[in-house]
$ cat query21.csv   # CSV, C-alpha atoms and all ligand atoms
chain,number,residue,atom,x,y,z
Z,1,VAL,CA,13.6,2.3,13.2
Z,2,GLY,CA,10.8,2.1,10.7
Z,3,VAL,CA,7.1,1.7,11.7
Z,4,ASP,CA,4.1,0.9,9.6
Z,5,LEU,CA,0.9,1.9,11.4
Z,6,GLY,CA,-2.2,0.1,10.0
Z,7,ALA,CA,-5.8,0.2,11.0
Z,8,THR,CA,-5.6,-2.8,13.4
Z,9,LYS,CA,-1.9,-3.5,13.9
Z,10,VAL,CA,1.5,-1.9,13.9
Z,11,ALA,CA,4.7,-3.3,12.4
Z,12,SER,CA,8.1,-2.0,13.7
Z,13,ALA,CA,11.6,-2.9,12.5
Z,14,LEU,CA,15.1,-2.0,13.3
Z,15,VAL,CA,16.6,-1.3,9.8
Z,16,GLY,CA,20.3,-1.1,8.9
Z,17,ALA,CA,21.7,1.6,6.7
Z,18,ASP,CA,21.7,-1.0,3.8
Z,19,GLY,CA,17.9,-1.4,4.2
Z,20,ARG,CA,18.1,-4.8,5.8
Z,21,VAL,CA,15.6,-5.6,8.6
Z,22,LEU,CA,17.6,-6.5,11.7
Z,23,ARG,CA,14.8,-7.1,14.2
Z,24,ARG,CA,11.1,-6.7,13.9
Z,25,SER,CA,7.9,-6.7,16.0
Z,26,TYR,CA,4.1,-6.7,15.5
Z,27,ARG,CA,1.4,-5.5,17.8
Z,28,LEU,CA,-2.3,-5.3,17.6
Z,29,ILE,CA,-3.4,-1.7,18.3
Z,30,ARG,CA,-6.2,-0.4,20.4
Z,31,ALA,CA,-7.6,2.0,17.8
Z,32,ALA,CA,-11.0,2.2,19.4
Z,33,GLU,CA,-9.4,3.7,22.6
Z,34,GLY,CA,-8.1,6.7,20.7
Z,35,PRO,CA,-4.7,8.2,19.8
Z,36,SER,CA,-3.0,7.9,23.2
Z,37,ALA,CA,-3.6,4.2,23.5
Z,38,VAL,CA,-2.3,3.7,19.9
Z,39,VAL,CA,0.8,5.8,20.8
Z,40,GLU,CA,1.4,3.4,23.7
Z,41,ASP,CA,1.1,0.4,21.4
Z,42,VAL,CA,3.5,1.9,18.9
Z,43,VAL,CA,6.0,2.7,21.7
Z,44,SER,CA,5.9,-0.8,23.1
Z,45,GLY,CA,6.3,-2.2,19.5
Z,46,VAL,CA,9.3,-0.1,18.9
Z,47,ARG,CA,10.9,-0.9,22.2
Z,48,ALA,CA,10.5,-4.6,21.4
Z,49,CYS,CA,12.6,-4.3,18.3
Z,50,LEU,CA,15.4,-2.3,19.8
Z,51,ASP,CA,18.5,-4.2,20.6
Z,52,ALA,CA,20.6,-3.4,23.7
Z,53,GLY,CA,23.7,-4.8,22.0
Z,54,ARG,CA,23.5,-2.3,19.1
Z,55,PRO,CA,23.9,1.5,19.0
Z,56,ALA,CA,20.7,3.4,19.6
Z,57,PRO,CA,18.8,4.1,16.3
Z,58,SER,CA,19.4,7.6,14.9
Z,59,GLY,CA,15.7,8.2,14.4
Z,60,LEU,CA,12.3,6.8,13.8
Z,61,GLY,CA,10.1,7.0,10.7
Z,62,ILE,CA,6.4,6.1,10.7
Z,63,GLY,CA,4.1,5.6,7.8
Z,64,VAL,CA,0.4,6.2,8.4
Z,65,ALA,CA,-2.6,5.8,6.1
Z,66,GLY,CA,-3.9,9.3,5.6
Z,67,GLN,CA,-3.0,12.9,5.2
Z,68,VAL,CA,0.1,13.9,7.1
Z,69,ASP,CA,2.1,17.0,7.5
Z,70,ALA,CA,5.7,15.9,7.2
Z,71,ASP,CA,7.2,19.2,8.4
Z,72,THR,CA,5.3,19.2,11.7
Z,73,GLY,CA,4.7,15.4,12.1
Z,74,VAL,CA,1.0,15.9,12.6
Z,75,VAL,CA,-1.5,13.4,11.2
Z,76,ARG,CA,-4.1,15.6,9.7
Z,77,PHE,CA,-6.7,13.0,8.8
Z,78,ALA,CA,-6.5,9.2,9.1
Z,79,PRO,CA,-10.0,7.8,8.4
Z,80,ASN,CA,-9.0,4.2,9.3
Z,81,LEU,CA,-8.0,5.3,12.8
Z,82,ALA,CA,-10.6,8.0,13.0
Z,83,TRP,CA,-7.9,10.5,13.7
Z,84,ARG,CA,-7.9,14.2,13.1
Z,85,ASN,CA,-4.9,16.5,13.8
Z,86,VAL,CA,-3.0,14.1,16.0
Z,87,ARG,CA,0.5,15.3,16.9
Z,88,LEU,CA,2.1,12.0,16.4
Z,89,ALA,CA,5.8,13.0,16.0
Z,90,GLU,CA,5.7,15.0,19.2
Z,91,ALA,CA,4.0,12.2,21.2
Z,92,LEU,CA,6.4,9.5,20.0
Z,93,SER,CA,9.6,11.5,20.3
Z,94,ARG,CA,8.7,12.4,23.9
Z,95,ASP,CA,8.3,8.8,24.8
Z,96,LEU,CA,11.1,7.3,22.8
Z,97,GLU,CA,13.6,10.2,23.0
Z,98,MET,CA,14.6,10.2,19.3
Z,99,PRO,CA,13.7,12.3,16.3
Z,100,VAL,CA,10.5,11.2,14.6
Z,101,THR,CA,9.5,11.6,10.9
Z,102,VAL,CA,5.9,11.0,9.9
Z,103,ALA,CA,5.0,10.0,6.3
Z,104,ASN,CA,2.0,8.8,4.4
Z,105,ASP,CA,2.2,4.9,4.4
Z,106,VAL,CA,2.1,4.6,0.6
Z,107,ARG,CA,4.9,7.1,0.1
Z,108,ALA,CA,6.9,5.3,2.7
Z,109,ALA,CA,6.5,2.0,0.9
Z,110,THR,CA,7.3,3.6,-2.4
Z,111,VAL,CA,10.6,5.0,-0.9
Z,112,GLY,CA,11.4,1.5,0.4
Z,113,GLU,CA,11.0,0.0,-3.1
Z,114,TRP,CA,12.8,3.0,-4.7
Z,115,ARG,CA,15.8,2.9,-2.4
Z,116,PHE,CA,16.2,-0.9,-1.7
Z,117,GLY,CA,13.7,-2.9,-3.7
Z,118,ALA,CA,12.6,-3.3,-7.3
Z,119,GLY,CA,12.8,0.4,-8.0
Z,120,ARG,CA,16.3,0.8,-6.9
Z,121,GLY,CA,18.3,3.4,-8.9
Z,122,CYS,CA,15.2,4.5,-10.9
Z,123,GLY,CA,14.4,8.2,-11.1
Z,124,GLU,CA,11.2,7.7,-13.0
Z,125,LEU,CA,9.1,5.2,-11.0
Z,126,VAL,CA,5.5,4.6,-10.3
Z,127,CYS,CA,4.5,2.2,-7.5
Z,128,VAL,CA,0.9,0.9,-7.1
Z,129,PHE,CA,0.0,-1.1,-4.0
Z,130,VAL,CA,-3.2,-3.1,-4.2
Z,131,GLY,CA,-4.5,-4.1,-0.8
Z,132,THR,CA,-8.0,-3.5,0.7
Z,133,GLY,CA,-7.7,-0.1,-1.2
Z,134,ILE,CA,-5.3,0.9,-3.9
Z,135,GLY,CA,-2.6,3.4,-3.2
Z,136,GLY,CA,0.1,4.8,-5.4
Z,137,SER,CA,3.0,7.1,-5.5
Z,138,ILE,CA,5.1,8.6,-8.2
Z,139,VAL,CA,8.8,9.4,-8.4
Z,140,SER,CA,9.7,11.8,-11.3
Z,141,GLY,CA,13.0,13.5,-12.0
Z,142,GLY,CA,14.3,11.6,-9.0
Z,143,ARG,CA,11.8,13.2,-6.5
Z,144,LEU,CA,8.5,12.0,-5.0
Z,145,LEU,CA,5.7,14.0,-6.6
Z,146,ALA,CA,3.8,15.8,-3.8
Z,147,GLY,CA,1.2,17.8,-5.7
Z,148,CYS,CA,-0.4,21.1,-4.6
Z,149,ALA,CA,-2.0,19.8,-1.5
Z,150,ASN,CA,0.6,17.0,-0.9
Z,151,ALA,CA,-2.1,14.5,-2.2
Z,152,ALA,CA,-0.6,13.4,-5.5
Z,153,GLY,CA,-0.7,9.7,-6.5
Z,154,GLU,CA,-4.2,8.7,-5.7
Z,155,ILE,CA,-4.1,6.2,-8.5
Z,156,GLY,CA,-6.8,4.0,-7.0
Z,157,HIS,CA,-9.2,6.9,-7.5
Z,158,MET,CA,-8.6,7.4,-11.2
Z,159,THR,CA,-11.9,7.0,-13.0
Z,160,LEU,CA,-11.9,3.7,-14.9
Z,161,VAL,CA,-15.6,3.6,-15.8
Z,162,ALA,CA,-17.6,6.8,-16.1
Z,163,GLY,CA,-20.8,6.3,-14.1
Z,164,GLY,CA,-19.5,3.0,-12.8
Z,165,ARG,CA,-19.4,1.3,-9.4
Z,166,ARG,CA,-19.7,3.4,-6.3
Z,167,CYS,CA,-16.4,4.0,-4.6
Z,168,HIS,CA,-15.6,4.7,-0.9
Z,169,CYS,CA,-14.5,8.2,-2.1
Z,170,PRO,CA,-16.9,10.8,-3.5
Z,171,ASN,CA,-16.3,9.5,-7.1
Z,172,VAL,CA,-17.9,6.5,-8.9
Z,173,GLY,CA,-16.1,4.1,-11.3
Z,174,CYS,CA,-12.7,4.4,-9.6
Z,175,LEU,CA,-10.0,1.7,-10.3
Z,176,GLU,CA,-10.2,0.9,-6.6
Z,177,ALA,CA,-14.0,0.3,-6.9
Z,178,TYR,CA,-13.1,-2.6,-9.3
Z,179,ALA,CA,-9.8,-4.0,-8.3
Z,180,GLY,CA,-9.2,-3.0,-4.6
Z,181,GLY,CA,-9.6,-5.9,-2.1
Z,182,TRP,CA,-13.0,-4.6,-0.8
Z,183,ALA,CA,-14.3,-4.3,-4.4
Z,184,ILE,CA,-13.1,-7.8,-5.3
Z,185,ALA,CA,-15.1,-9.1,-2.3
Z,186,GLU,CA,-18.1,-7.0,-3.3
Z,187,ARG,CA,-18.0,-8.2,-7.0
Z,188,ALA,CA,-17.7,-11.8,-5.8
Z,189,ARG,CA,-20.7,-11.5,-3.4
Z,190,GLU,CA,-22.8,-10.0,-6.2
Z,191,ALA,CA,-21.9,-12.7,-8.6
Z,192,ALA,CA,-22.5,-15.4,-6.1
Z,193,LEU,CA,-26.0,-14.0,-5.3
Z,194,GLU,CA,-26.8,-13.6,-9.0
Z,195,ASP,CA,-25.9,-17.2,-9.8
Z,196,PRO,CA,-26.1,-19.3,-6.6
Z,197,ARG,CA,-25.1,-22.5,-8.3
Z,198,ALA,CA,-21.8,-21.0,-9.6
Z,199,GLY,CA,-21.3,-19.2,-6.3
Z,200,GLU,CA,-22.0,-22.3,-4.1
Z,201,ARG,CA,-18.4,-23.0,-3.2
Z,202,LEU,CA,-17.5,-19.4,-2.4
Z,203,VAL,CA,-20.5,-19.1,-0.1
Z,204,GLU,CA,-19.7,-22.5,1.5
Z,205,ARG,CA,-16.1,-21.5,2.1
Z,206,ALA,CA,-16.9,-18.1,3.5
Z,207,GLY,CA,-19.9,-19.3,5.6
Z,208,THR,CA,-22.3,-16.8,4.2
Z,209,ALA,CA,-22.4,-14.7,1.0
Z,210,ASP,CA,-21.7,-11.6,3.1
Z,211,ALA,CA,-18.6,-13.1,4.5
Z,212,ILE,CA,-16.9,-13.6,1.1
Z,213,SER,CA,-13.6,-11.7,1.0
Z,214,ALA,CA,-10.8,-11.2,-1.5
Z,215,ALA,CA,-9.0,-14.0,0.4
Z,216,THR,CA,-11.9,-16.4,-0.2
Z,217,VAL,CA,-11.8,-15.5,-3.9
Z,218,SER,CA,-8.0,-16.0,-4.0
Z,219,GLU,CA,-8.2,-19.4,-2.2
Z,220,LEU,CA,-10.9,-20.8,-4.4
Z,221,ALA,CA,-9.4,-19.5,-7.6
Z,222,ARG,CA,-6.3,-21.4,-6.8
Z,223,ALA,CA,-8.4,-24.5,-6.1
Z,224,GLY,CA,-9.9,-24.1,-9.6
Z,225,ASP,CA,-13.4,-22.8,-8.9
Z,226,ALA,CA,-14.8,-21.3,-12.1
Z,227,LEU,CA,-16.5,-18.2,-10.6
Z,228,ALA,CA,-13.5,-17.3,-8.4
Z,229,ARG,CA,-11.3,-17.7,-11.5
Z,230,ARG,CA,-13.5,-15.4,-13.5
Z,231,ILE,CA,-13.4,-12.7,-10.7
Z,232,VAL,CA,-9.6,-12.9,-10.6
Z,233,ASP,CA,-9.3,-12.7,-14.4
Z,234,GLU,CA,-11.6,-9.7,-14.5
Z,235,THR,CA,-9.7,-8.1,-11.7
Z,236,ALA,CA,-6.5,-8.5,-13.7
Z,237,GLU,CA,-8.1,-6.8,-16.7
Z,238,PHE,CA,-9.3,-3.8,-14.6
Z,239,LEU,CA,-5.9,-3.4,-13.0
Z,240,ALA,CA,-4.2,-3.6,-16.4
Z,241,ALA,CA,-6.5,-1.0,-17.8
Z,242,GLY,CA,-5.6,1.3,-14.9
Z,243,MET,CA,-1.9,0.7,-15.5
Z,244,VAL,CA,-2.2,1.6,-19.2
Z,245,ALA,CA,-3.5,5.0,-18.1
Z,246,VAL,CA,-0.8,5.4,-15.5
Z,247,VAL,CA,2.0,4.6,-17.9
Z,248,ASN,CA,0.5,7.0,-20.5
Z,249,ALA,CA,0.2,9.7,-17.9
Z,250,PHE,CA,3.6,9.4,-16.2
Z,251,ASN,CA,5.9,7.7,-18.7
Z,252,PRO,CA,7.8,5.8,-16.0
Z,253,CYS,CA,10.9,3.7,-16.6
Z,254,ARG,CA,9.5,1.2,-14.1
Z,255,LEU,CA,6.0,0.5,-12.8
Z,256,LEU,CA,5.9,-1.7,-9.7
Z,257,LEU,CA,2.8,-3.5,-8.5
Z,258,GLY,CA,2.7,-4.6,-4.9
Z,259,GLY,CA,0.4,-5.1,-2.0
Z,260,GLY,CA,-1.5,-8.0,-0.5
Z,261,VAL,CA,-3.9,-8.5,-3.4
Z,262,VAL,CA,-1.0,-8.7,-5.9
Z,263,ARG,CA,0.9,-11.1,-3.7
Z,264,ASN,CA,-2.0,-13.4,-2.8
Z,265,LEU,CA,-4.1,-13.7,-6.0
Z,266,PRO,CA,-3.0,-16.5,-8.2
Z,267,PRO,CA,0.1,-15.5,-10.2
Z,268,GLY,CA,-0.4,-13.7,-13.5
Z,269,ILE,CA,-1.9,-10.4,-12.5
Z,270,VAL,CA,1.5,-8.6,-13.1
Z,271,ALA,CA,1.9,-10.3,-16.5
Z,272,VAL,CA,-1.5,-9.2,-17.6
Z,273,ALA,CA,-0.7,-5.6,-16.8
Z,274,ARG,CA,2.7,-5.9,-18.5
Z,275,GLU,CA,1.2,-7.2,-21.7
Z,276,ALA,CA,-1.5,-4.5,-21.7
Z,277,VAL,CA,1.1,-1.8,-21.2
Z,278,ARG,CA,3.2,-3.3,-24.1
Z,279,ARG,CA,0.3,-3.5,-26.5
Z,280,ARG,CA,-2.0,-0.6,-25.5
Z,281,CYS,CA,0.2,2.3,-24.3
Z,282,GLN,CA,1.5,5.1,-26.5
Z,283,PRO,CA,4.6,3.5,-28.2
Z,284,PRO,CA,7.4,5.6,-26.5
Z,285,ALA,CA,5.8,5.1,-23.1
Z,286,ALA,CA,5.2,1.4,-23.8
Z,287,ARG,CA,8.8,0.8,-24.9
Z,288,ALA,CA,10.2,2.6,-21.8
Z,289,ALA,CA,8.1,1.0,-19.1
Z,290,ARG,CA,9.3,-2.1,-17.3
Z,291,VAL,CA,6.4,-3.6,-15.3
Z,292,ARG,CA,7.5,-5.6,-12.3
Z,293,GLU,CA,6.2,-7.0,-9.0
Z,294,ALA,CA,7.4,-5.0,-6.0
Z,295,ALA,CA,10.3,-6.8,-4.2
Z,296,LEU,CA,10.0,-6.0,-0.5
Z,297,GLY,CA,6.6,-7.4,0.2
Z,298,ALA,CA,5.0,-6.2,3.4
Z,299,ASP,CA,8.4,-4.8,4.6
Z,300,ALA,CA,8.5,-2.0,2.0
Z,301,GLY,CA,6.7,0.4,4.5
Z,302,VAL,CA,9.0,-0.1,7.4
Z,303,ILE,CA,12.1,0.0,5.3
Z,304,GLY,CA,11.0,3.2,3.5
Z,305,ALA,CA,9.9,4.9,6.7
Z,306,ALA,CA,13.3,4.1,8.3
Z,307,TRP,CA,15.1,5.5,5.2
Z,308,LEU,CA,13.0,8.7,5.4
Z,309,ALA,CA,14.0,9.1,9.1
Z,310,ARG,CA,17.7,8.6,8.4
Z,311,GLU,CA,17.6,11.0,5.4
Z,312,ARG,CA,15.8,13.7,7.5
Z,313,GLY,CA,18.4,13.3,10.2
Z,314,ALA,CA,21.2,13.7,7.7
Z,315,VAL,CA,19.6,16.9,6.3
Z,316,GLY,CA,19.1,18.2,9.9
Z,317,ARG,CA,22.8,17.7,10.7
Z,318,ARG,CA,24.1,19.4,7.5
W,1,ZN,ZN,-12.6,6.4,-5.5
$ encode --input "query21.csv" --output "structure tokens" --more "lines below"
Ligand SMILES: [Zn+2]
Amino acid sequence: VGVDLGATKVASALVGADGRVLRRSYRLIRAAEGPSAVVEDVVSGVRACLDAGRPAPSGLGIGVAGQVDADTGVVRFAPNLAWRNVRLAEALSRDLEMPVTVANDVRAATVGEWRFGAGRGCGELVCVFVGTGIGGSIVSGGRLLAGCANAAGEIGHMTLVAGGRRCHCPNVGCLEAYAGGWAIAERAREAALEDPRAGERLVERAGTADAISAATVSELARAGDALARRIVDETAEFLAAGMVAVVNAFNPCRLLLGGGVVRNLPPGIVAVAREAVRRRCQPPAARAARVREAALGADAGVIGAAWLARERGAVGRR
């Protein structure tokens, strides 16, 4: 079983050994009621995707946005859930009576793409997921890079503009502060307030300027609104500039772009990054890098988490 625990909902899936999703379930979670309520929600989601007609799953993997200790299954810090030091593996394995593996959500999604998606068979892979924030993860020499504090891969917080826009992290000018979903919304609001005539349709669609979201921008860009188009084009350029830095730094064979923003903005964002990598990276890195869209969509997290659980079980039994 693979589980992807978000800030407001949990996705669970029964996943076959070939990475196929056999059954799935979604639940809203009661994050405001604290960890034990969320654990109950996860347990009920997992039970809903179990199938009495099939053998019991060999284990459960769960991806969580935040810092996790994979050895102990403790979530050290998950800001979106307001969790600190939650013993998630212990709580879930007690209720579900199966071994539980806890992973960072971006690493889990990267493993999904690496084992079963657009990164299959690739030992030098970088995945970048653009949603509300921007997360990344690197496979090098056939292994996930962990880093000294198990925090490697924060591609969203690479500095794109020294002294630039304020980020949600301690830095300013981060890639995420330009191209993350929250930043797209923020840039669109500012542009609409600066030029109310150009921003009229965005404000009208959203209700108020404050309510403009990345989804509003996406929708209006598809409908041909000039300001929304400009925001999308600028977002593609920011993301492309970040991907040039990533390819120069890690020299991957494949660079995958995924996440809700990449899926939902009008098509072309991946092509802009591909062209920037081809023209602006150091030549050996540029020649090696294949820039593609991630293949598993929103399923990458559950599929990767399930694979991690299966792999851990296999190591445990050896
Ligand atoms: Zn940042």
$ atom_distance --input "query21.csv" --atom1 "CA of Ser25 in chain Z" --atom2 "CA of Ala298 in chain Z"
12.9 Å
$ residues_near_ligand --input "query21.csv" --ligand "ligand ZN 1 (chain W)" --cutoff "7 Å" --atoms "all atoms listed in the file" --output "list of chain:residue names"
Z:Gly156, Z:His157, Z:Cys167, Z:His168, Z:Cys169, Z:Pro170, Z:Asn171, Z:Val172, Z:Cys174, Z:Glu176, Z:Ala177
$ residues_around --input "query21.csv" --residues "range 75-91 of chain Z" --least-positions-apart "5" --cutoff "10 Å" --atoms "only C-alpha atoms" --output "VMD selection string"
chain Z and resid 5 to 8 30 to 32 34 to 36 38 to 40 43 60 to 62 64 to 70 96 to 104
$ closest_residue --input "query21.csv" --among "Z:Asp105, Z:Asp4, Z:Glu200, Z:Glu293" --to "Ala228 in chain Z" --atoms "all atoms listed in the file"
Z:Glu200
$ closest_atom_pairs --input "query21.csv" --of "range 89-167 of chain Z" --to "range 186-190 of chain Z" --cutoff "12 Å" --atoms "all atoms listed in the file" --output "JSON lines"
{"residue": "Z:Thr132", "atom": "CA", "partner": "Z:Glu186", "partner_atom": "CA", "distance": 11.4}
{"residue": "Z:Arg165", "atom": "CA", "partner": "Z:Arg187", "partner_atom": "CA", "distance": 9.9}
{"residue": "Z:Arg166", "atom": "CA", "partner": "Z:Glu186", "partner_atom": "CA", "distance": 10.9}
{"residue": "Z:Cys167", "atom": "CA", "partner": "Z:Glu186", "partner_atom": "CA", "distance": 11.2}
$ residues_around --input "query21.csv" --residues "Ala214 in chain Z" --least-positions-apart "6" --cutoff "10 Å" --atoms "all atoms listed in the file" --output "VMD selection string"
chain Z and resid 131 to 132 179 to 188 228 231 to 232 260 to 261 264 to 265
$ write_last_selection --input "query21.csv" --atoms "C-alpha atoms" --output "PDB file, in the coordinates of the input"
ATOM      1  CA  GLY Z 131      -4.500  -4.100  -0.800  1.00  0.00           C
ATOM      2  CA  THR Z 132      -8.000  -3.500   0.700  1.00  0.00           C
ATOM      3  CA  ALA Z 179      -9.800  -4.000  -8.300  1.00  0.00           C
ATOM      4  CA  GLY Z 180      -9.200  -3.000  -4.600  1.00  0.00           C
ATOM      5  CA  GLY Z 181      -9.600  -5.900  -2.100  1.00  0.00           C
ATOM      6  CA  TRP Z 182     -13.000  -4.600  -0.800  1.00  0.00           C
ATOM      7  CA  ALA Z 183     -14.300  -4.300  -4.400  1.00  0.00           C
ATOM      8  CA  ILE Z 184     -13.100  -7.800  -5.300  1.00  0.00           C
ATOM      9  CA  ALA Z 185     -15.100  -9.100  -2.300  1.00  0.00           C
ATOM     10  CA  GLU Z 186     -18.100  -7.000  -3.300  1.00  0.00           C
ATOM     11  CA  ARG Z 187     -18.000  -8.200  -7.000  1.00  0.00           C
ATOM     12  CA  ALA Z 188     -17.700 -11.800  -5.800  1.00  0.00           C
ATOM     13  CA  ALA Z 228     -13.500 -17.300  -8.400  1.00  0.00           C
ATOM     14  CA  ILE Z 231     -13.400 -12.700 -10.700  1.00  0.00           C
ATOM     15  CA  VAL Z 232      -9.600 -12.900 -10.600  1.00  0.00           C
ATOM     16  CA  GLY Z 260      -1.500  -8.000  -0.500  1.00  0.00           C
ATOM     17  CA  VAL Z 261      -3.900  -8.500  -3.400  1.00  0.00           C
ATOM     18  CA  ASN Z 264      -2.000 -13.400  -2.800  1.00  0.00           C
ATOM     19  CA  LEU Z 265      -4.100 -13.700  -6.000  1.00  0.00           C
TER      20      LEU Z 265
END
$ residues_around --input "query21.csv" --residues "Ala162 in chain Z" --least-positions-apart "2" --cutoff "8 Å" --atoms "all atoms listed in the file" --output "list in words"
Thr159, Leu160, Gly164, Val172 and Gly173 of chain Z
$ closest_residue --input "query21.csv" --among "Z:Glu124, Z:Asp18, Z:Asp299, Z:Glu237" --to "Gly141 in chain Z" --atoms "all atoms listed in the file"
Z:Glu124
$ atom_distance --input "query21.csv" --atom1 "CA of Asp41 in chain Z" --atom2 "CA of Tyr26 in chain Z"
9.7 Å
$ closest_residue --input "query21.csv" --among "Z:Gly59, Z:Tyr178, Z:Asp71, Z:Glu113" --to "Leu239 in chain Z" --atoms "only C-alpha atoms"
Z:Tyr178
$ closest_residue --input "query21.csv" --among "Z:Arg23, Z:Gly117, Z:Glu275, Z:Gly207" --to "Asp51 in chain Z" --atoms "only C-alpha atoms"
Z:Arg23
$ closest_residue --input "query21.csv" --among "Z:Gly163, Z:Gly16, Z:Gly242, Z:Gly259" --to "Gly135 in chain Z" --atoms "all atoms listed in the file"
Z:Gly259
$ atom_distance --input "query21.csv" --atom1 "CA of Phe129 in chain Z" --atom2 "CA of Ala241 in chain Z"
15.3 Å
$ closest_residue --input "query21.csv" --among "Z:Ala146, Z:Ala236, Z:Ala226, Z:Val3" --to "Gly301 in chain Z" --atoms "all atoms listed in the file"
Z:Val3
$ residues_around --input "query21.csv" --residues "Gly142 in chain Z" --least-positions-apart "3" --cutoff "10 Å" --atoms "all atoms listed in the file" --output "VMD selection string"
chain Z and resid 114 121 to 125 138 to 139 145
$ write_last_selection --input "query21.csv" --atoms "C-alpha atoms" --output "short mmCIF file (atom, residue, chain, number, x, y, z; two decimals), in the coordinates of the input"
data_model
loop_
_atom_site.label_atom_id
_atom_site.label_comp_id
_atom_site.auth_asym_id
_atom_site.auth_seq_id
_atom_site.Cartn_x
_atom_site.Cartn_y
_atom_site.Cartn_z
CA TRP Z 114 12.80 3.00 -4.70
CA GLY Z 121 18.30 3.40 -8.90
CA CYS Z 122 15.20 4.50 -10.90
CA GLY Z 123 14.40 8.20 -11.10
CA GLU Z 124 11.20 7.70 -13.00
CA LEU Z 125 9.10 5.20 -11.00
CA ILE Z 138 5.10 8.60 -8.20
CA VAL Z 139 8.80 9.40 -8.40
CA LEU Z 145 5.70 14.00 -6.60
#
$ residues_around --input "query21.csv" --residues "Arg222 in chain Z" --least-positions-apart "2" --cutoff "12 Å" --atoms "all atoms listed in the file" --output "PyMOL selection string"
chain Z and resi 215-220+224-233+264-268
$ decode --input "query21.csv" --residues "range 242-287 of chain Z" --atoms "C-alpha atoms" --output "PDB file, in the first residue's frame"
ATOM      1  CA  GLY Z 242      16.259  27.148 -12.567  1.00  0.00           C
ATOM      2  CA  MET Z 243      16.502  24.002 -14.695  1.00  0.00           C
ATOM      3  CA  VAL Z 244      19.636  25.326 -16.431  1.00  0.00           C
ATOM      4  CA  ALA Z 245      21.251  25.616 -12.981  1.00  0.00           C
ATOM      5  CA  VAL Z 246      20.072  22.127 -11.991  1.00  0.00           C
ATOM      6  CA  VAL Z 247      21.412  20.490 -15.143  1.00  0.00           C
ATOM      7  CA  ASN Z 248      24.754  22.283 -14.802  1.00  0.00           C
ATOM      8  CA  ALA Z 249      25.011  21.239 -11.145  1.00  0.00           C
ATOM      9  CA  PHE Z 250      24.004  17.570 -11.433  1.00  0.00           C
ATOM     10  CA  ASN Z 251      24.561  16.553 -15.068  1.00  0.00           C
ATOM     11  CA  PRO Z 252      21.530  14.230 -15.154  1.00  0.00           C
ATOM     12  CA  CYS Z 253      20.670  11.931 -18.049  1.00  0.00           C
ATOM     13  CA  ARG Z 254      17.036  12.839 -17.465  1.00  0.00           C
ATOM     14  CA  LEU Z 255      15.341  15.830 -15.887  1.00  0.00           C
ATOM     15  CA  LEU Z 256      11.662  15.314 -15.158  1.00  0.00           C
ATOM     16  CA  LEU Z 257       9.203  18.101 -14.494  1.00  0.00           C
ATOM     17  CA  GLY Z 258       5.961  17.234 -12.764  1.00  0.00           C
ATOM     18  CA  GLY Z 259       3.431  18.485 -10.239  1.00  0.00           C
ATOM     19  CA  GLY Z 260       0.100  20.277 -10.484  1.00  0.00           C
ATOM     20  CA  VAL Z 261       1.465  23.519 -11.951  1.00  0.00           C
ATOM     21  CA  VAL Z 262       3.297  21.700 -14.754  1.00  0.00           C
ATOM     22  CA  ARG Z 263       0.195  19.613 -15.500  1.00  0.00           C
ATOM     23  CA  ASN Z 264      -2.316  22.452 -15.352  1.00  0.00           C
ATOM     24  CA  LEU Z 265      -0.654  25.479 -16.907  1.00  0.00           C
ATOM     25  CA  PRO Z 266      -1.151  25.660 -20.676  1.00  0.00           C
ATOM     26  CA  PRO Z 267       1.231  23.230 -22.412  1.00  0.00           C
ATOM     27  CA  GLY Z 268       4.694  24.461 -23.282  1.00  0.00           C
ATOM     28  CA  ILE Z 269       6.361  24.940 -19.898  1.00  0.00           C
ATOM     29  CA  VAL Z 270       8.432  21.739 -20.321  1.00  0.00           C
ATOM     30  CA  ALA Z 271       9.423  22.694 -23.878  1.00  0.00           C
ATOM     31  CA  VAL Z 272      10.685  26.103 -22.685  1.00  0.00           C
ATOM     32  CA  ALA Z 273      12.859  24.380 -20.059  1.00  0.00           C
ATOM     33  CA  ARG Z 274      14.099  21.841 -22.632  1.00  0.00           C
ATOM     34  CA  GLU Z 275      15.136  24.573 -25.053  1.00  0.00           C
ATOM     35  CA  ALA Z 276      16.863  26.586 -22.295  1.00  0.00           C
ATOM     36  CA  VAL Z 277      18.826  23.511 -21.183  1.00  0.00           C
ATOM     37  CA  ARG Z 278      19.831  22.783 -24.779  1.00  0.00           C
ATOM     38  CA  ARG Z 279      21.007  26.330 -25.493  1.00  0.00           C
ATOM     39  CA  ARG Z 280      22.308  27.576 -22.155  1.00  0.00           C
ATOM     40  CA  CYS Z 281      23.840  24.651 -20.222  1.00  0.00           C
ATOM     41  CA  GLN Z 282      27.473  23.645 -20.374  1.00  0.00           C
ATOM     42  CA  PRO Z 283      27.732  21.627 -23.612  1.00  0.00           C
ATOM     43  CA  PRO Z 284      28.441  18.154 -22.133  1.00  0.00           C
ATOM     44  CA  ALA Z 285      25.577  18.536 -19.635  1.00  0.00           C
ATOM     45  CA  ALA Z 286      23.276  19.992 -22.296  1.00  0.00           C
ATOM     46  CA  ARG Z 287      23.933  17.089 -24.672  1.00  0.00           C
TER      47      ARG Z 287
END
